[in-house]
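Enquirer: File final_28.cif below, mmCIF, C-alpha atoms:
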```cif
data_input
loop_
_atom_site.label_atom_id
_atom_site.label_comp_id
_atom_site.auth_asym_id
_atom_site.auth_seq_id
_atom_site.Cartn_x
_atom_site.Cartn_y
_atom_site.Cartn_z
CA MET A 1 7.11 374.05 1.81
CA LYS A 2 10.59 375.10 2.98
CA SER A 3 10.28 378.29 0.91
CA ASN A 4 6.94 379.16 2.51
CA MET A 5 8.35 378.64 5.99
CA LEU A 6 11.34 380.83 5.14
CA ASN A 7 9.08 383.58 3.87
CA LEU A 8 6.96 383.35 7.01
CA GLY A 9 10.08 383.62 9.16
CA CYS A 10 11.18 386.73 7.27
CA VAL A 11 7.75 388.27 7.76
CA MET A 12 7.90 387.61 11.50
CA ILE A 13 11.33 389.23 11.74
CA ILE A 14 10.05 392.30 9.93
CA VAL A 15 6.98 392.45 12.17
CA THR A 16 9.01 392.31 15.34
CA THR A 17 11.56 394.90 14.22
CA LEU A 18 9.60 397.43 12.19
CA PHE A 19 8.60 399.55 15.18
CA ALA A 20 11.16 398.28 17.71
CA GLN A 21 13.47 401.30 17.83
CA VAL A 22 11.15 403.87 19.34
CA PRO A 23 11.55 405.34 22.83
CA THR A 24 7.98 404.66 23.97
CA ASP A 25 4.78 403.25 22.54
CA LYS A 26 3.74 406.75 21.54
CA GLY A 27 5.18 408.98 18.85
CA THR A 28 4.36 412.03 16.78
CA ASN A 29 3.93 412.27 13.03
CA PRO A 30 6.47 414.91 11.90
CA LYS A 31 4.15 416.48 9.34
CA SER A 32 0.77 416.49 11.03
CA GLY A 33 1.80 416.51 14.69
CA GLU A 34 -0.60 413.58 15.22
CA SER A 35 0.06 411.31 18.20
CA ILE A 36 0.94 407.82 16.96
CA ASP A 37 0.20 404.64 18.93
CA PHE A 38 2.94 402.22 17.85
CA ASN A 39 1.19 399.26 19.45
CA LYS A 40 -1.74 399.96 17.12
CA ALA A 41 0.67 400.31 14.19
CA ARG A 42 2.30 396.97 14.98
CA SER A 43 -1.11 395.32 15.07
CA ILE A 44 -2.03 396.77 11.67
CA PHE A 45 1.30 395.70 10.19
CA GLN A 46 0.83 392.17 11.56
CA LYS A 47 -2.60 392.10 9.96
CA GLN A 48 -1.17 393.20 6.60
CA SER A 49 1.65 390.63 6.86
CA ASN A 50 -0.91 387.88 7.38
CA GLY A 51 -2.46 388.73 4.04
CA VAL A 52 -5.50 390.58 5.35
CA LYS A 53 -6.55 393.53 3.21
CA LEU A 54 -6.36 396.77 5.15
CA THR A 55 -9.03 399.42 5.14
CA GLN A 56 -7.99 402.76 3.69
CA GLU A 57 -7.99 404.21 7.20
CA GLU A 58 -5.65 401.44 8.45
CA ALA A 59 -3.32 401.82 5.47
CA ASP A 60 -3.10 405.57 6.00
CA TYR A 61 -2.42 405.12 9.72
CA LEU A 62 0.37 402.65 8.97
CA GLU A 63 2.03 405.10 6.58
CA ARG A 64 1.84 407.86 9.17
CA ALA A 65 3.35 405.54 11.79
CA LYS A 66 6.23 404.68 9.44
CA ALA A 67 6.91 408.39 8.93
CA ALA A 68 6.90 408.99 12.68
CA ARG A 69 9.23 406.05 13.25
CA LYS A 70 11.61 407.24 10.53
CA SER A 71 11.71 410.70 12.06
CA GLY A 72 12.50 409.18 15.46
CA GLN A 73 15.36 407.17 13.98
CA GLN A 74 16.81 410.28 12.40
CA LYS A 75 16.70 412.14 15.70
CA ASN A 76 18.46 409.24 17.40
CA SER A 77 21.15 408.73 14.76
CA ARG A 78 23.80 408.73 17.52
CA MET A 79 22.16 405.75 19.21
CA ILE A 80 24.48 402.82 19.98
CA GLY A 81 23.03 399.44 20.96
CA GLY A 82 24.05 395.81 21.12
CA LYS A 83 27.67 396.60 22.04
CA ASP A 84 29.57 395.05 24.93
CA LYS A 85 31.86 398.11 24.99
CA ILE A 86 32.01 401.44 23.16
CA GLY A 87 35.57 402.60 23.84
CA LEU A 88 34.87 405.61 26.05
CA LYS A 89 36.83 406.33 29.21
CA PRO A 90 34.91 406.64 32.51
CA LEU A 91 34.72 410.26 33.63
CA ASN A 92 36.43 409.49 36.93
CA GLU A 93 39.42 408.05 35.05
CA MET A 94 39.79 410.88 32.55
CA THR A 95 42.55 413.39 33.25
CA GLU A 96 42.52 417.14 32.80
CA GLU A 97 44.17 416.62 29.40
CA ASP A 98 41.59 414.05 28.26
CA GLN A 99 38.78 415.51 26.19
CA TYR A 100 35.28 414.37 25.26
CA LEU A 101 33.35 416.81 23.07
CA GLY A 102 35.19 419.69 24.70
CA GLN A 103 34.73 418.34 28.23
CA ASP A 104 37.77 417.49 30.34
CA GLY A 105 38.08 414.66 32.85
CA GLY A 106 37.32 414.24 36.53
CA LEU A 107 33.97 414.20 38.29
CA TYR A 108 34.45 417.80 39.43
CA GLY A 109 36.45 418.88 36.37
CA ASN A 110 40.15 419.63 35.89
CA GLY A 111 40.84 415.93 36.33
CA LYS A 112 39.68 416.05 39.98
CA ASN A 113 37.36 413.51 41.61
CA THR A 114 37.05 415.39 44.90
CA PRO A 115 35.34 418.74 45.49
CA PRO A 116 37.42 421.91 45.76
CA ASN A 117 38.40 422.85 49.31
CA ALA A 118 35.77 425.57 49.70
CA HIS A 119 32.98 423.25 48.53
CA HIS A 120 34.32 420.47 50.74
CA ASN A 121 34.06 422.84 53.69
CA SER A 122 30.51 423.76 52.69
CA ALA A 123 29.64 420.06 52.65
CA MET A 124 31.19 419.62 56.10
CA ALA A 125 29.07 422.51 57.39
CA ALA A 126 25.96 420.88 55.91
CA ILE A 127 26.89 417.57 57.54
CA SER A 128 27.17 419.32 60.90
CA ARG A 129 23.50 420.25 60.49
CA LEU A 130 22.46 416.60 60.01
CA LYS A 131 20.77 415.66 63.26
CA PRO A 132 18.14 413.16 64.34
CA ARG A 133 14.89 415.12 64.14
CA ASN A 134 11.31 414.54 65.19
CA ASN A 135 8.29 414.88 62.90
CA SER A 136 8.30 418.65 63.35
CA GLY A 137 11.93 418.86 62.29
CA ASP A 138 13.30 419.73 65.73
CA PRO A 139 16.50 418.02 66.92
CA ASP A 140 15.59 414.95 68.96
CA GLU A 141 17.86 412.24 70.33
CA LYS A 142 15.17 409.71 69.45
CA GLY A 143 14.59 411.20 66.03
CA THR A 144 15.44 410.22 62.45
CA ILE A 145 17.72 411.25 59.60
CA GLY A 146 15.73 410.52 56.43
CA PHE A 147 17.62 409.48 53.28
CA VAL A 148 15.52 409.34 50.09
CA SER A 149 15.97 408.52 46.41
CA ILE A 150 14.45 410.59 43.61
CA SER A 151 14.34 409.41 39.99
CA MET A 152 13.10 406.72 37.62
CA SER A 153 12.88 402.92 37.16
CA ASN A 154 16.60 402.15 37.13
CA ALA A 155 17.01 404.22 40.28
CA THR A 156 14.24 402.48 42.23
CA GLN A 157 15.54 399.07 41.17
CA GLU A 158 19.05 399.95 42.30
CA PHE A 159 18.20 401.98 45.41
CA SER A 160 15.71 399.45 46.76
CA MET A 161 18.43 396.79 46.59
CA PHE A 162 20.91 399.21 48.18
CA LYS A 163 18.38 399.79 50.97
CA GLN A 164 18.23 396.05 51.66
CA PHE A 165 22.01 395.82 51.86
CA ALA A 166 22.37 398.98 53.96
CA ASP A 167 19.61 398.07 56.43
CA ALA A 168 21.29 394.70 56.98
CA ASP A 169 24.70 396.29 57.59
CA PRO A 170 25.43 396.63 61.32
CA SER A 171 27.72 399.60 60.70
CA LYS A 172 24.92 401.84 59.40
CA SER A 173 23.84 404.67 61.70
CA LYS A 174 20.89 403.73 63.88
CA PHE A 175 19.36 407.16 63.21
CA LEU A 176 19.38 406.73 59.44
CA LYS A 177 16.13 405.66 57.77
CA ILE A 178 16.33 404.93 54.03
CA ILE A 179 13.20 405.44 51.92
CA ASP A 180 13.06 404.62 48.21
CA CYS A 181 10.98 407.36 46.58
CA ALA A 182 12.23 406.73 43.00
CA GLN A 183 9.52 405.39 40.69
CA GLY A 184 9.23 403.54 37.41
CA GLY A 185 8.72 405.80 34.39
CA GLN A 186 9.35 408.95 36.41
CA ALA A 187 12.55 410.49 35.02
CA MET A 188 13.69 414.06 35.74
CA ALA A 189 11.16 415.66 33.39
CA GLU A 190 8.30 414.02 35.29
CA TRP A 191 9.42 415.55 38.61
CA VAL A 192 9.73 419.13 37.31
CA ASP A 193 6.21 420.16 38.32
CA PRO A 194 6.16 420.37 42.14
CA LYS A 195 2.53 419.18 42.04
CA ALA A 196 3.27 416.19 39.79
CA LYS A 197 2.26 412.65 40.75
CA PRO A 198 5.81 411.48 41.57
CA TRP A 199 5.95 413.95 44.45
CA GLU A 200 2.55 412.81 45.66
CA GLU A 201 3.71 409.19 45.58
CA ALA A 202 6.93 410.12 47.38
CA GLY A 203 4.84 411.68 50.16
CA LYS A 204 2.84 408.47 50.50
CA ARG A 205 6.02 406.39 50.78
CA LEU A 206 7.43 408.67 53.44
CA SER A 207 4.19 408.46 55.40
CA ALA A 208 4.17 404.67 55.13
CA ALA A 209 7.73 404.62 56.49
CA GLY A 210 6.78 406.87 59.39
CA VAL A 211 9.03 409.68 58.20
CA SER A 212 7.90 413.28 57.82
CA PRO A 213 9.18 415.66 55.12
CA ASN A 214 10.88 417.61 57.94
CA GLN A 215 13.06 414.59 58.74
CA VAL A 216 14.40 414.15 55.19
CA GLN A 217 17.97 415.47 55.24
CA VAL A 218 19.82 413.58 52.50
CA ALA A 219 18.79 412.66 48.94
CA TRP A 220 20.23 410.56 46.14
CA ILE A 221 19.15 411.82 42.71
CA LYS A 222 19.95 409.89 39.53
CA LEU A 223 19.90 412.13 36.46
CA ALA A 224 18.16 410.71 33.40
CA ASN A 225 15.43 411.55 30.92
CA LYS A 226 13.53 409.21 28.62
CA GLY A 227 14.39 409.00 24.93
CA PRO A 228 17.07 411.73 24.77
CA ASN A 229 17.77 413.23 21.35
CA GLY A 230 20.49 415.29 19.72
CA ASP A 231 24.03 416.05 20.75
CA LEU A 232 25.41 416.56 24.25
CA LYS A 233 24.50 420.24 24.27
CA GLU A 234 20.89 419.58 23.28
CA HIS A 235 19.95 416.67 25.50
CA GLY A 236 22.45 417.59 28.24
CA GLU A 237 21.08 421.08 28.75
CA LYS A 238 17.52 419.70 28.83
CA LEU A 239 18.53 417.19 31.52
CA GLU A 240 20.41 419.88 33.44
CA LYS A 241 17.41 422.23 33.36
CA ASP A 242 14.99 419.52 34.50
CA ALA A 243 17.30 418.32 37.27
CA LEU A 244 17.72 421.89 38.55
CA ALA A 245 13.95 422.15 38.98
CA VAL A 246 13.87 418.76 40.74
CA ILE A 247 16.62 419.83 43.15
CA GLN A 248 14.83 423.09 43.95
CA ASN A 249 11.54 421.22 44.45
CA ALA A 250 13.24 418.79 46.82
CA LYS A 251 14.61 421.61 48.96
CA ALA A 252 11.20 423.30 49.07
CA LYS A 253 9.43 420.09 50.08
CA PHE A 254 12.12 418.92 52.50
CA PRO A 255 13.18 422.08 54.36
CA ASN A 256 15.92 420.29 56.32
CA LEU A 257 17.47 418.70 53.22
CA GLN A 258 21.19 419.39 53.57
CA LEU A 259 22.88 417.15 51.00
CA ALA A 260 21.97 415.84 47.56
CA TYR A 261 24.22 413.19 46.06
CA LEU A 262 23.92 413.11 42.27
CA SER A 263 24.67 410.15 40.00
CA SER A 264 24.47 409.42 36.28
CA ARG A 265 23.45 406.23 34.51
CA ILE A 266 25.04 402.80 34.26
CA TYR A 267 26.31 401.41 30.94
CA GLY A 268 23.70 401.55 28.16
CA GLY A 269 25.52 399.92 25.26
CA TYR A 270 23.47 396.72 25.40
CA SER A 271 20.27 398.69 24.80
CA THR A 272 17.77 397.32 22.30
CA GLY A 273 15.77 400.56 22.05
CA ALA A 274 15.94 404.32 22.33
CA LEU A 275 14.94 404.71 25.99
CA ASN A 276 18.49 405.62 27.03
CA PRO A 277 21.22 403.97 24.95
CA GLU A 278 24.82 405.04 24.49
CA PRO A 279 26.30 407.58 24.25
CA TYR A 280 23.39 409.22 26.10
CA ALA A 281 23.89 407.10 29.21
CA TYR A 282 27.58 408.03 29.30
CA GLU A 283 26.86 411.70 28.65
CA SER A 284 24.35 411.98 31.51
CA ALA A 285 27.40 412.49 33.77
CA PHE A 286 28.12 415.91 32.32
CA PRO A 287 24.85 417.59 33.44
CA VAL A 288 25.65 416.28 36.94
CA ARG A 289 29.00 418.01 36.83
CA TRP A 290 27.59 421.19 35.29
CA LEU A 291 25.09 421.60 38.12
CA ILE A 292 27.71 421.05 40.82
CA GLN A 293 30.08 423.47 39.11
CA ARG A 294 27.34 426.10 38.90
CA GLN A 295 26.77 425.78 42.63
CA ILE A 296 30.52 426.00 43.33
CA LYS A 297 30.60 429.24 41.35
CA GLY A 298 27.88 430.65 43.61
CA GLU A 299 24.90 430.67 41.25
CA GLU A 300 21.83 432.01 43.05
CA SER A 301 19.51 429.31 41.67
CA LEU A 302 21.54 426.74 43.62
CA SER A 303 22.22 428.79 46.76
CA PHE A 304 22.49 426.68 49.92
CA GLU A 305 23.14 429.45 52.45
CA GLY A 306 22.04 432.96 53.28
CA THR A 307 18.51 434.35 53.07
CA LYS A 308 17.58 432.75 49.75
CA VAL A 309 18.34 429.05 50.16
CA ARG A 310 17.10 427.18 47.08
CA ALA A 311 19.08 423.94 47.12
CA PRO A 312 20.99 421.53 49.33
CA VAL A 313 24.75 421.19 48.95
CA LEU A 314 25.38 419.14 45.80
CA LEU A 315 27.99 416.39 45.67
CA TRP A 316 28.81 413.54 43.37
CA GLY A 317 27.35 410.30 44.60
CA PRO A 318 28.64 406.97 43.33
CA TYR A 319 29.74 407.19 39.69
CA LEU A 320 28.16 404.08 38.18
CA TRP A 321 29.25 404.03 34.52
CA ALA A 322 31.83 401.60 33.16
CA ASP A 323 32.57 400.74 29.53
CA GLY A 324 30.69 397.47 29.38
CA VAL A 325 33.02 394.50 29.72
CA ASN A 326 36.07 396.79 30.00
CA PRO A 327 36.73 396.93 33.75
CA ARG A 328 37.47 400.29 35.35
CA GLN A 329 41.05 400.64 36.54
CA SER A 330 40.06 401.99 39.94
CA ASP A 331 37.68 399.28 41.14
CA LYS A 332 37.33 396.77 38.26
CA LEU A 333 33.64 397.63 37.80
CA ALA A 334 32.33 396.19 34.51
CA TYR A 335 28.94 395.37 33.03
CA ASN A 336 28.38 392.02 31.33
CA ARG A 337 25.29 391.30 29.28
CA GLU A 338 23.75 389.34 32.14
CA ASP A 339 23.89 392.47 34.32
CA LEU A 340 21.18 394.04 32.14
CA ALA A 341 17.60 392.90 31.57
CA SER A 342 16.27 391.86 28.16
CA ASP A 343 15.92 395.50 27.04
CA GLY A 344 19.61 396.13 27.72
CA THR A 345 18.68 399.28 29.64
CA HIS A 346 17.31 398.24 33.03
CA PRO A 347 19.53 396.26 35.39
CA SER A 348 18.86 392.58 35.89
CA GLN A 349 18.81 391.10 39.38
CA ALA A 350 22.57 390.58 39.09
CA GLY A 351 23.00 394.14 37.85
CA ARG A 352 20.96 395.56 40.71
CA GLN A 353 23.10 393.73 43.22
CA LYS A 354 26.26 394.97 41.50
CA VAL A 355 25.12 398.61 41.55
CA ALA A 356 23.82 398.31 45.12
CA ASN A 357 27.21 397.06 46.26
CA VAL A 358 28.96 399.98 44.54
CA MET A 359 26.57 402.37 46.28
CA LEU A 360 27.05 400.78 49.69
CA GLU A 361 30.83 400.91 49.32
CA PHE A 362 30.60 404.57 48.39
CA PHE A 363 28.48 405.66 51.35
CA LYS A 364 30.55 403.61 53.79
CA ASN A 365 33.93 404.82 52.53
CA ASP A 366 33.57 408.26 50.96
CA PRO A 367 35.28 410.71 53.36
CA LEU A 368 32.21 412.96 53.52
CA ALA A 369 29.44 410.37 53.31
CA LYS A 370 30.72 407.97 55.95
CA SER A 371 30.61 410.69 58.59
CA TRP A 372 26.80 410.59 58.60
CA PHE A 373 26.09 407.17 57.08
CA LEU A 374 27.97 405.10 59.65
CA LYS A 375 27.41 404.84 63.39
#
```
Translate the structure described by the file into C-alpha cells.
Expert:
Amino acid sequence: MKSNMLNLGCVMIIVTTLFAQVPTDKGTNPKSGESIDFNKARSIFQKQSNGVKLTQEEADYLERAKAARKSGQQKNSRMIGGKDKIGLKPLNEMTEEDQYLGQDGGLYGNGKNTPPNAHHNSAMAAISRLKPRNNSGDPDEKGTIGFVSISMSNATQEFSMFKQFADADPSKSKFLKIIDCAQGGQAMAEWVDPKAKPWEEAGKRLSAAGVSPNQVQVAWIKLANKGPNGDLKEHGEKLEKDALAVIQNAKAKFPNLQLAYLSSRIYGGYSTGALNPEPYAYESAFPVRWLIQRQIKGEESLSFEGTKVRAPVLLWGPYLWADGVNPRQSDKLAYNREDLASDGTHPSQAGRQKVANVMLEFFKNDPLAKSWFLK
C-alpha cells in the first residue's frame, strides 16, 4: 500500500513538472513548425499516467509536445529560477570599471547615474513645455497634464498602486492626472503595431478618465518582452527594437508627449517559469540605456526637436532591480520571496506596494521629475 502511494506521488510530481518550464501555454514543434497546446499535452500526459491507453493520435501529439518543450528548454539554458539572490550588482551601483558582458556601470554609462549636461538641458527644455492643456492641447489654466503608463502585467500592477499612493499625496501637482494604460499580457512586442489592441485599450482608459491624447505629456514605459531567449545581444536587441517602435508610436499618438521615463524589471530570480527569469530581468536594463544613449548621440529615429520629431526626451525612471535578498547600498531595496506572487515573476501585494513606494520617492525627489510632479 505504501509503495503504491509513493508511486502515485511520483507520478503526480512528474505530471505537474513535465510541461512547467515553458513561457506560455503555446509552443512550436522545432521540426514541423506545428503550434503546440501545452495544456492539451498536460491533459494527455495525465491520462497516460492514470493508466489509460492513448490513441495513436494522442501518443504522437505527446511526443511532439515533448520535443517542443525540450527545444524551449535548450533556448532558455541561461534561465535562473528559485534563487533568493544571483550575485549580480545593480546597474546603478556599478562603476565605470565594473563590467557585465562588456557593459560598464551606471544608468547612463561611464559609471554615471545622471544624464550628461546637454541631455539634462534638453530635459529641462522639455519640462518647460509641460503645461496644463485642454482637450485640444492648447495651454489652459484649468487644463491637465496627463501622465500614462505603457507596458505589461507587472507594470499595471505596480503603476496602479503607485497611482493610488500619488493621488493620495497632498504634494502632487493639482494639474497632474495619472492614468494606468499598462495591460496584462501586453509587453513591448504587443505594442509595436500602432493599430494593436493595447493602443485601443489605452484610448478607452484615457477617455474614461476624461483625458484626451492631446493632454498626455509624460509617460512611464517599462521595458520587457515575454519569454526572452538567447544572450544579451539577441534578446536585448529585440527588446530595444520593439521599445523604439513603442516610443515612436507614443509620440505619434500623443503629440504633446514631452518626456518618457524608462524602467527595467524587478528581480526575477524567484521565477518558476520562463516568462522572464534571471538573468533576463536584470539584463532588461541595458536596452533602456542603449536607447537613451542613442538619443543622446543624436540618432534621427529618436529625434525630439527640429522638423522631424519622432520621440519625447528619454530619461531613466526609477531603477527597480535589486539582487533578491541582498539590499542595495543606496536605498536598501531588496526583494524577499513574499514580495513575489506564486510564479515568482509578478509582484505580490507586498511587492506592488514596495515598488510603488520606490516610484513615488523617485518622482518626488528626482531633480528633474519633481519640478513637474510636485505642486
Enquirer: Using only C-alpha atoms, which residue out of A:Asp180, A:Asp231, A:Asp193, A:Asp331 lies closest to Arg205 in chain A?
Expert: A:Asp180
Enquirer: If I take CA of Gln217 in chain A and CA of Asn121 in chain A, how far is one from the other in Å, to one decimal?
Expert: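 Straight-line distance from CA of Gln217 in chain A to CA of Asn121 in chain A works out to 17.8 Å.
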Enquirer: Please provide as a list in words all residues within 8 Å of Arg289 in chain A, with the sequence filter that same-chain residues fewer than 3 positions apart are discarded (counting all atoms listed in the file).
Expert: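 Here the answer would be Leu107, Tyr108, Gly109, Ala285, Phe286, Ile292, Gln293 and Trp316 of chain A.
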Enquirer: Using all atoms listed in the file, which residues sit within 7 Å of Asn135 in chain A once same-chain residues fewer than 4 positions away are excluded, as a PyMOL selection string?
Expert: chain A and resi 212+214-215
Enquirer: Which residues match the PyMOL selection byres ((chain A and resi 271) around 7) in the file above, as a list in words?
Expert: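 Going through the file, the PyMOL selection byres ((chain A and resi 271) around 7) ends up selecting Gly81, Gly82, Gly268, Gly269, Tyr270, Thr272, Gly273, Pro277, Asp343, Gly344 and Thr345 of chain A.
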Enquirer: Any chance you could resolve the PyMOL selection byres ((chain A and resi 329) around 12) against this file and give the residues as a list in words?
Expert: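 So the PyMOL selection byres ((chain A and resi 329) around 12), applied here, picks out Lys89, Pro90, Leu91, Asn92, Glu93, Met94, Ala322, Asp323, Asn326, Pro327, Arg328, Ser330, Asp331, Lys332, Leu333 and Ala334 of chain A.
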Enquirer: With all atoms listed in the file as the basis for distance, which of A:Leu368, A:Ile44, A:Leu275, A:Leu232 is at the shortest distance from Tyr100 in chain A?
Expert: A:Leu232
Enquirer: List every protein, DNA or RNA residue that has an atom no more than 7 Å from (19.1, 410.9, 37.2) in the file's coordinate frame, counting all atoms listed in the file, and report them as a JSON list (two decimals) with C-alpha atoms, in the coordinates of the input.
Expert:
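Wrote out_1.json, looks like this:
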```json
[["chain", "number", "residue", "atom", "x", "y", "z"],
["A", 151, "SER", "CA", 14.34, 409.41, 39.99],
["A", 187, "ALA", "CA", 12.55, 410.49, 35.02],
["A", 188, "MET", "CA", 13.69, 414.06, 35.74],
["A", 221, "ILE", "CA", 19.15, 411.82, 42.71],
["A", 222, "LYS", "CA", 19.95, 409.89, 39.53],
["A", 223, "LEU", "CA", 19.90, 412.13, 36.46],
["A", 224, "ALA", "CA", 18.16, 410.71, 33.40],
["A", 263, "SER", "CA", 24.67, 410.15, 40.00],
["A", 264, "SER", "CA", 24.47, 409.42, 36.28],
["A", 265, "ARG", "CA", 23.45, 406.23, 34.51]]
```
Enquirer: Show me a table, sorted first by chain and then by increasing residue number, of the residues of range 274-350 of chain A having an atom at most 12 Å from range 244-262 of chain A, each with its shortest atom pair and the distance in Å to one decimal, counting all atoms listed in the file and written as a Markdown table.
Expert:
```
| residue | atom | partner | partner_atom | distance |
| --- | --- | --- | --- | --- |
| A:Ser284 | CA | A:Leu262 | CA | 10.8 |
| A:Ala285 | CA | A:Leu262 | CA | 9.2 |
| A:Phe286 | CA | A:Leu262 | CA | 11.2 |
| A:Pro287 | CA | A:Leu244 | CA | 9.8 |
| A:Val288 | CA | A:Leu262 | CA | 6.4 |
| A:Arg289 | CA | A:Leu262 | CA | 8.9 |
| A:Trp290 | CA | A:Leu244 | CA | 10.4 |
| A:Leu291 | CA | A:Leu244 | CA | 7.4 |
| A:Ile292 | CA | A:Leu262 | CA | 8.9 |
| A:Arg294 | CA | A:Leu244 | CA | 10.5 |
| A:Gln295 | CA | A:Leu244 | CA | 10.7 |
| A:Glu299 | CA | A:Leu244 | CA | 11.7 |
| A:Glu300 | CA | A:Gln248 | CA | 11.4 |
| A:Ser301 | CA | A:Gln248 | CA | 8.1 |
| A:Leu302 | CA | A:Gln248 | CA | 7.6 |
| A:Ser303 | CA | A:Gln248 | CA | 9.7 |
| A:Phe304 | CA | A:Gln258 | CA | 8.3 |
| A:Glu305 | CA | A:Gln258 | CA | 10.3 |
| A:Lys308 | CA | A:Ala252 | CA | 11.4 |
| A:Val309 | CA | A:Lys251 | CA | 8.4 |
| A:Arg310 | CA | A:Gln248 | CA | 5.6 |
| A:Ala311 | CA | A:Lys251 | CA | 5.4 |
| A:Pro312 | CA | A:Gln258 | CA | 4.8 |
| A:Val313 | CA | A:Leu259 | CA | 4.9 |
| A:Leu314 | CA | A:Ala260 | CA | 5.1 |
| A:Leu315 | CA | A:Tyr261 | CA | 5.0 |
| A:Trp316 | CA | A:Leu262 | CA | 5.0 |
| A:Gly317 | CA | A:Tyr261 | CA | 4.5 |
| A:Pro318 | CA | A:Leu262 | CA | 7.8 |
| A:Tyr319 | CA | A:Leu262 | CA | 8.7 |
| A:Leu320 | CA | A:Leu262 | CA | 10.8 |
```
Enquirer: Would you please work out which residue, of A:Asn50, A:Gln99, A:Asn357, A:Thr307, is nearest to Ser160 in chain A when using only C-alpha atoms?
Expert: A:Asn357
Enquirer: Using all atoms listed in the file, collect all residues at a distance of at most 9 Å from (26.4, 407.9, 61.6) as written in the file, then present them as a short mmCIF file (atom, residue, chain, number, x, y, z; two decimals) with C-alpha atoms, in the frame of the given file.
Expert:
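The result, written out as selection28.cif:
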```cif
data_model
loop_
_atom_site.label_atom_id
_atom_site.label_comp_id
_atom_site.auth_asym_id
_atom_site.auth_seq_id
_atom_site.Cartn_x
_atom_site.Cartn_y
_atom_site.Cartn_z
CA SER A 171 27.72 399.60 60.70
CA LYS A 172 24.92 401.84 59.40
CA SER A 173 23.84 404.67 61.70
CA LYS A 174 20.89 403.73 63.88
CA PHE A 175 19.36 407.16 63.21
CA LEU A 176 19.38 406.73 59.44
CA LYS A 370 30.72 407.97 55.95
CA SER A 371 30.61 410.69 58.59
CA TRP A 372 26.80 410.59 58.60
CA PHE A 373 26.09 407.17 57.08
CA LEU A 374 27.97 405.10 59.65
CA LYS A 375 27.41 404.84 63.39
#
```
Enquirer: Neighbouring residues of Gly203 in chain A were defined as those with any atom within 12 Å, considering all atoms listed in the file; residues of the same chain fewer than 6 positions away were excluded. Please report them as a compact mmCIF listing (two decimals) with C-alpha atoms, in the frame of the given file.
Expert:
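Wrote it out as around_11.txt, contents follow:
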```txt
# COMPACT_ATOMS: atom_id res chain seq x y z
CA VAL A 148 15.52 409.34 50.09
CA ILE A 150 14.45 410.59 43.61
CA ILE A 179 13.20 405.44 51.92
CA ASP A 180 13.06 404.62 48.21
CA CYS A 181 10.98 407.36 46.58
CA ALA A 182 12.23 406.73 43.00
CA PRO A 194 6.16 420.37 42.14
CA LYS A 195 2.53 419.18 42.04
CA ALA A 196 3.27 416.19 39.79
CA LYS A 197 2.26 412.65 40.75
CA ALA A 209 7.73 404.62 56.49
CA GLY A 210 6.78 406.87 59.39
CA VAL A 211 9.03 409.68 58.20
CA SER A 212 7.90 413.28 57.82
CA PRO A 213 9.18 415.66 55.12
CA ASN A 214 10.88 417.61 57.94
CA VAL A 216 14.40 414.15 55.19
CA ALA A 250 13.24 418.79 46.82
CA LYS A 253 9.43 420.09 50.08
CA PHE A 254 12.12 418.92 52.50
```
Enquirer: Mind giving me the straight-line distance from CA of Gln183 in chain A to CA of Asp37 in chain A in Å, one decimal?
Expert: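 The value is 23.7 Å.
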Enquirer: Can you work out the spacing between CA of Gln349 in chain A and CA of Ser149 in chain A in Å, to one decimal?
Expert: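 So the two atoms, CA of Gln349 in chain A and CA of Ser149 in chain A, lie 19.0 Å apart.
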Enquirer: Which residues match the PyMOL selection byres ((chain A and resi 132) around 9) in the file above, as a PDB file with C-alpha atoms, in the frame of the given file?
Expert:
```
ATOM      1  CA  LEU A 130      22.460 416.600  60.010  1.00  0.00           C
ATOM      2  CA  LYS A 131      20.770 415.660  63.260  1.00  0.00           C
ATOM      3  CA  ARG A 133      14.890 415.120  64.140  1.00  0.00           C
ATOM      4  CA  ASN A 134      11.310 414.540  65.190  1.00  0.00           C
ATOM      5  CA  GLY A 137      11.930 418.860  62.290  1.00  0.00           C
ATOM      6  CA  ASP A 138      13.300 419.730  65.730  1.00  0.00           C
ATOM      7  CA  PRO A 139      16.500 418.020  66.920  1.00  0.00           C
ATOM      8  CA  ASP A 140      15.590 414.950  68.960  1.00  0.00           C
ATOM      9  CA  GLU A 141      17.860 412.240  70.330  1.00  0.00           C
ATOM     10  CA  LYS A 142      15.170 409.710  69.450  1.00  0.00           C
ATOM     11  CA  GLY A 143      14.590 411.200  66.030  1.00  0.00           C
ATOM     12  CA  THR A 144      15.440 410.220  62.450  1.00  0.00           C
ATOM     13  CA  ILE A 145      17.720 411.250  59.600  1.00  0.00           C
ATOM     14  CA  GLY A 146      15.730 410.520  56.430  1.00  0.00           C
ATOM     15  CA  PHE A 175      19.360 407.160  63.210  1.00  0.00           C
ATOM     16  CA  LEU A 176      19.380 406.730  59.440  1.00  0.00           C
ATOM     17  CA  GLN A 215      13.060 414.590  58.740  1.00  0.00           C
TER      18      GLN A 215
END
```
Enquirer: Kindly compute an axis-aligned box around the listed atoms of range 258-277 of chain A, allowing 5 Å on each side, and express its centre and edge lengths in Å to one decimal as JSON.
Expert:
```
{"center_x": 20.6, "center_y": 408.1, "center_z": 37.8, "size_x": 21.4, "size_y": 32.7, "size_z": 41.5}
```
Enquirer: Which is closer to Lys112 in chain A than all the others in A:Lys177, A:Glu96, A:Ala126, A:Ala68, using all atoms listed in the file?
Expert: A:Glu96
Enquirer: With only C-alpha atoms as the atoms that count, which of A:Ala369, A:Ile178, A:Ala350, A:Ala202 lies nearest to Gln164 in chain A?
Expert: A:Ile178
Enquirer: Kindly indicate which residue among A:Ala166, A:Ile127, A:Leu62, A:Ala274 lies nearest to Asn229 in chain A, using only C-alpha atoms for the distances.
Expert: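 Nearest to Asn229 in chain A: A:Ala274.
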